[in-house]
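K.L.:
Structure in structure tokens, see below.
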Amino acid sequence: MKVKVIEIKKSVFAENEKDADALRNELKNKGVYLLNLMSSPGSGKTTTLIQTLNRIKDKVRVAVMEADIDSDVDAVKIKEATGVSSIQLHTGGMCHLDAEMTRQGLDNVALADVDLVVLENVGNLVCPAEFDTGAVRNAMILSVPEGDDKPLKYPLMFTVCDLVLINKMDVAPYFDFDLERCKNNIHQRNPKAKIIPISAKTGEGVDAFADWLLNEVHTWKNS
Amino acid sequence: MHELGVVFYIIKDVKAVAEENHVEHVSTVVMDIGEVSTVVPHLLTDCWRWAADKEDLLKGCEMKINTIPAVTWCDGCKKEYETVKFGKTCPHCNSDNTWLIRGNEVEINSIIV
């Protein structure tokens, strides 16, 4: 049998990145802003989202996509607490969403009636960072109990994020969490990352996040 | 952690190349995996075995992995050093102003048919 070597030399993620760029273009043409929100499980993604949605829902037309391996607890919670329309995506065991799965999810959102879609990615600091979802921006939530060293342990996640929310600031006095050290660790990985300390529980900093988001949507739609 | 997802991407890409080249069976897929990529080689080959055997094109197809050593560049003293050994801080000048230049690849190098 003749053996033949076919050279490929191609990144495994290249195909996904092409899909993601196409999706971003499409969203631009439709005037829809997609935010990819990532974090580890239990960092307060859903609670932060509820607080934020209640501040922006009268100013911008918004929908939420919840991605989880299974269950629809988050989608139900969002809908009940904010009235914002929310759909649940199941990744079927996968630890992340890619651009194709995001597109399939968006097919269930009435894009003509929204300005902003927030995608709550699977709770995980490793895999979602590797897959471009087609979102305009990546944001992540790091919570105080996780520790200020996380940017060093999960470098890729902090490298791909445009915005880092540091959540649960209200309990910081009980943990050995040094905000300045954390900011330094993040900026070491990603000098351009914007950082907003918040507490989804007390509401501290949530206005700043809401303003950032509204400004982002406005710029995306009008440029 | 996402090795199975990566395997599905590899299968998609290999299938496309095989079709282009009118190949009926692939015997080996050669991967270039960076030392500090988020892919764990032995998990990748485990997932590969499970998924590849479900495809006629890839039944029994072996996965070979070339490990690409990770190298970091220091902006402070303009030298390179081993990432895995020294991490983010330059061993020559202690600078943190350092950037990974190699070692996070997850690439399909070639296929043998």
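A note on labels: chains of the structure tokens are A, B, ... as shown, every chain counts residues from 1, and ligands are counted from 1 in their shown order.
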Within 8 Å of chain B, which residues belong to chain A? Use only C-alpha atoms and report them as a list of chain:residue names.

P.N.:
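Only these qualify: A:Val3, A:Lys4, A:Val5, A:Ile6, A:Glu7, A:Ile8, A:Lys9, A:Lys10, A:Ser11, A:Val12, A:Phe13, A:Met94, A:Cys95, A:His96, A:Val126, A:Cys127, A:Gln188.
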
K.L.:
Pull the strand (DSSP E) assignments for region 58-162 of chain A out of DSSP run on the backbone, and list those residues as a list in words.

P.N.:
Val62, Ala63, Val64, Met65, Glu66, Ala67, Asp68, Ser85, Ser86, Ile87, Gln88, Leu89, His90, Leu116, Val117, Val118, Leu119, Glu120, Arg137, Asn138, Ala139, Met140, Ile141, Leu142 and Ser143 of chain A

K.L.:
If you measure from CA of Val206 (chain A) to CA of Lys30 (chain A), what distance in Å do you get, rounded to one decimal?

P.N.:
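A separation of 27.7 Å between them.
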
K.L.:
At a cut-off of 7 Å, using only C-alpha atoms, what residues contact region 141-151 of chain A? Leave out same-chain residues fewer than 4 positions from it and give the result as number ranges by chain.

P.N.:
A: 38-39, 43, 45, 155, 158, 164-169, 172, 175, 177-178, 181-182, 185-186

K.L.:
If we count only C-alpha atoms, what is near Ile68 (chain B) at a cut-off of 6 Å, once residues fewer than 6 positions away on the same chain are taken out, given as a count of residues only?

P.N.:
4

K.L.:
Going by DSSP on the backbone, which residues of region 37-156 of chain A come out as alpha helix (DSSP H)? List them as a PyMOL selection string.

P.N.:
chain A and resi 45-56+73-82+99-106+150-153+155-156

K.L.:
Hey, can you spit out that residue selection with N, CA and C atoms as a compact mmCIF listing (two decimals), in the first residue's frame?

P.N.:
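Printed below is again_1.txt as written:
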# COMPACT_ATOMS: atom_id res chain seq x y z
N LYS A 45 -22.65 34.80 38.38
CA LYS A 45 -23.02 35.27 37.03
C LYS A 45 -24.49 35.61 36.94
N THR A 46 -25.32 34.68 37.38
CA THR A 46 -26.76 34.87 37.21
C THR A 46 -27.26 36.02 38.08
N THR A 47 -26.79 36.11 39.34
CA THR A 47 -27.21 37.19 40.23
C THR A 47 -26.74 38.55 39.67
N THR A 48 -25.53 38.60 39.17
CA THR A 48 -25.02 39.84 38.57
C THR A 48 -25.88 40.24 37.38
N LEU A 49 -26.23 39.25 36.60
CA LEU A 49 -27.03 39.49 35.40
C LEU A 49 -28.40 40.05 35.79
N ILE A 50 -29.00 39.46 36.81
CA ILE A 50 -30.33 39.93 37.25
C ILE A 50 -30.26 41.39 37.68
N GLN A 51 -29.27 41.72 38.50
CA GLN A 51 -29.08 43.11 38.96
C GLN A 51 -28.89 44.05 37.78
N THR A 52 -28.10 43.61 36.82
CA THR A 52 -27.77 44.47 35.68
C THR A 52 -28.98 44.64 34.76
N LEU A 53 -29.67 43.53 34.49
CA LEU A 53 -30.83 43.59 33.59
C LEU A 53 -31.88 44.53 34.15
N ASN A 54 -32.08 44.50 35.47
CA ASN A 54 -33.09 45.38 36.06
C ASN A 54 -32.72 46.86 35.91
N ARG A 55 -31.43 47.13 35.72
CA ARG A 55 -31.01 48.53 35.53
C ARG A 55 -31.09 48.96 34.07
N ILE A 56 -30.99 48.04 33.13
CA ILE A 56 -30.90 48.45 31.72
C ILE A 56 -32.13 48.10 30.88
N VAL A 73 -32.51 25.91 35.21
CA VAL A 73 -32.73 26.72 36.42
C VAL A 73 -32.36 28.19 36.19
N ASP A 74 -31.28 28.44 35.45
CA ASP A 74 -30.85 29.82 35.25
C ASP A 74 -31.83 30.61 34.40
N ALA A 75 -32.30 30.00 33.32
CA ALA A 75 -33.22 30.70 32.42
C ALA A 75 -34.50 31.05 33.16
N VAL A 76 -34.99 30.13 33.97
CA VAL A 76 -36.23 30.36 34.72
C VAL A 76 -36.01 31.49 35.73
N LYS A 77 -34.88 31.43 36.42
CA LYS A 77 -34.55 32.43 37.43
C LYS A 77 -34.47 33.85 36.83
N ILE A 78 -33.82 33.96 35.70
CA ILE A 78 -33.67 35.26 35.02
C ILE A 78 -35.04 35.81 34.64
N LYS A 79 -35.84 34.96 34.05
CA LYS A 79 -37.16 35.38 33.57
C LYS A 79 -38.02 35.85 34.75
N GLU A 80 -37.99 35.07 35.83
CA GLU A 80 -38.81 35.42 36.99
C GLU A 80 -38.35 36.71 37.66
N ALA A 81 -37.05 36.90 37.73
CA ALA A 81 -36.53 38.04 38.48
C ALA A 81 -36.48 39.34 37.68
N THR A 82 -36.52 39.24 36.35
CA THR A 82 -36.36 40.46 35.56
C THR A 82 -37.45 40.65 34.50
N ALA A 99 -18.98 29.00 18.10
CA ALA A 99 -19.75 29.96 17.30
C ALA A 99 -20.99 29.30 16.69
N GLU A 100 -20.85 28.05 16.27
CA GLU A 100 -21.96 27.35 15.64
C GLU A 100 -23.12 27.15 16.64
N MET A 101 -22.75 26.73 17.86
CA MET A 101 -23.79 26.54 18.89
C MET A 101 -24.44 27.87 19.25
N THR A 102 -23.64 28.93 19.28
CA THR A 102 -24.17 30.26 19.58
C THR A 102 -25.17 30.68 18.50
N ARG A 103 -24.79 30.43 17.26
CA ARG A 103 -25.69 30.77 16.15
C ARG A 103 -27.01 30.02 16.27
N GLN A 104 -26.93 28.73 16.58
CA GLN A 104 -28.15 27.94 16.74
C GLN A 104 -29.03 28.51 17.85
N GLY A 105 -28.38 28.96 18.92
CA GLY A 105 -29.12 29.59 20.01
C GLY A 105 -29.79 30.86 19.55
N LEU A 106 -29.04 31.68 18.80
CA LEU A 106 -29.58 32.97 18.35
C LEU A 106 -30.75 32.79 17.38
N LYS A 150 -6.10 33.95 40.55
CA LYS A 150 -6.71 33.24 39.42
C LYS A 150 -6.22 33.70 38.05
N PRO A 151 -5.93 35.00 37.87
CA PRO A 151 -5.42 35.41 36.55
C PRO A 151 -4.12 34.70 36.19
N LEU A 152 -3.37 34.29 37.21
CA LEU A 152 -2.11 33.59 36.93
C LEU A 152 -2.36 32.13 36.59
N LYS A 153 -3.45 31.58 37.18
CA LYS A 153 -3.71 30.16 36.96
C LYS A 153 -4.49 29.89 35.69
N PRO A 155 -4.52 31.86 32.63
CA PRO A 155 -4.08 33.04 31.86
C PRO A 155 -4.91 33.31 30.60
N LEU A 156 -5.29 32.25 29.89
CA LEU A 156 -5.97 32.48 28.61
C LEU A 156 -7.29 33.21 28.82

K.L.:
For Lys85 (chain B), which residue out of B:Leu44, B:Ala52, B:Ala70, B:His25 is the nearest one, using only C-alpha atoms?

P.N.:
B:Ala70

K.L.:
From the options B:Leu57, B:Val23, B:Cys90, B:Ala51, which residue's atoms come nearest to Cys77 (chain B), counting only C-alpha atoms?

P.N.:
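Result for the nearest residue to Cys77 (chain B): B:Cys90.
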
K.L.:
Lys57 (chain A): which residues within 10 Å, counting only C-alpha atoms, same-chain residues fewer than 5 positions away excluded, as a ChimeraX atom specification?

P.N.:
/A:52,62-63,82-84,116

K.L.:
At a cut-off of 7 Å, using only C-alpha atoms, what residues contact Ala193 (chain A)? Leave out same-chain residues fewer than 5 positions from it and give the result as a VMD selection string.

P.N.:
chain A and resid 161 to 164 187

K.L.:
Put those residues in a file: C-alpha atoms, as a compact mmCIF listing (two decimals), in the first residue's frame.

P.N.:
# COMPACT_ATOMS: atom_id res chain seq x y z
CA CYS A 161 -11.55 39.20 28.18
CA ASP A 162 -12.17 42.88 27.49
CA LEU A 163 -13.85 43.37 30.84
CA VAL A 164 -13.33 41.69 34.21
CA HIS A 187 -3.08 43.56 33.73

K.L.:
Of the candidates A:Ala67, A:Ala210, A:Ile87, A:Val60, which one gets nearest to Val114 (chain A) if we count only C-alpha atoms?

P.N.:
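Among A:Ala67, A:Ala210, A:Ile87, A:Val60, it is A:Val60 that comes nearest to Val114 (chain A).
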
K.L.:
Find the distance between CA of Met63 (chain B) and CA of Thr45 (chain B) and write it in Å to one decimal.

P.N.:
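So the answer is 6.4 Å.
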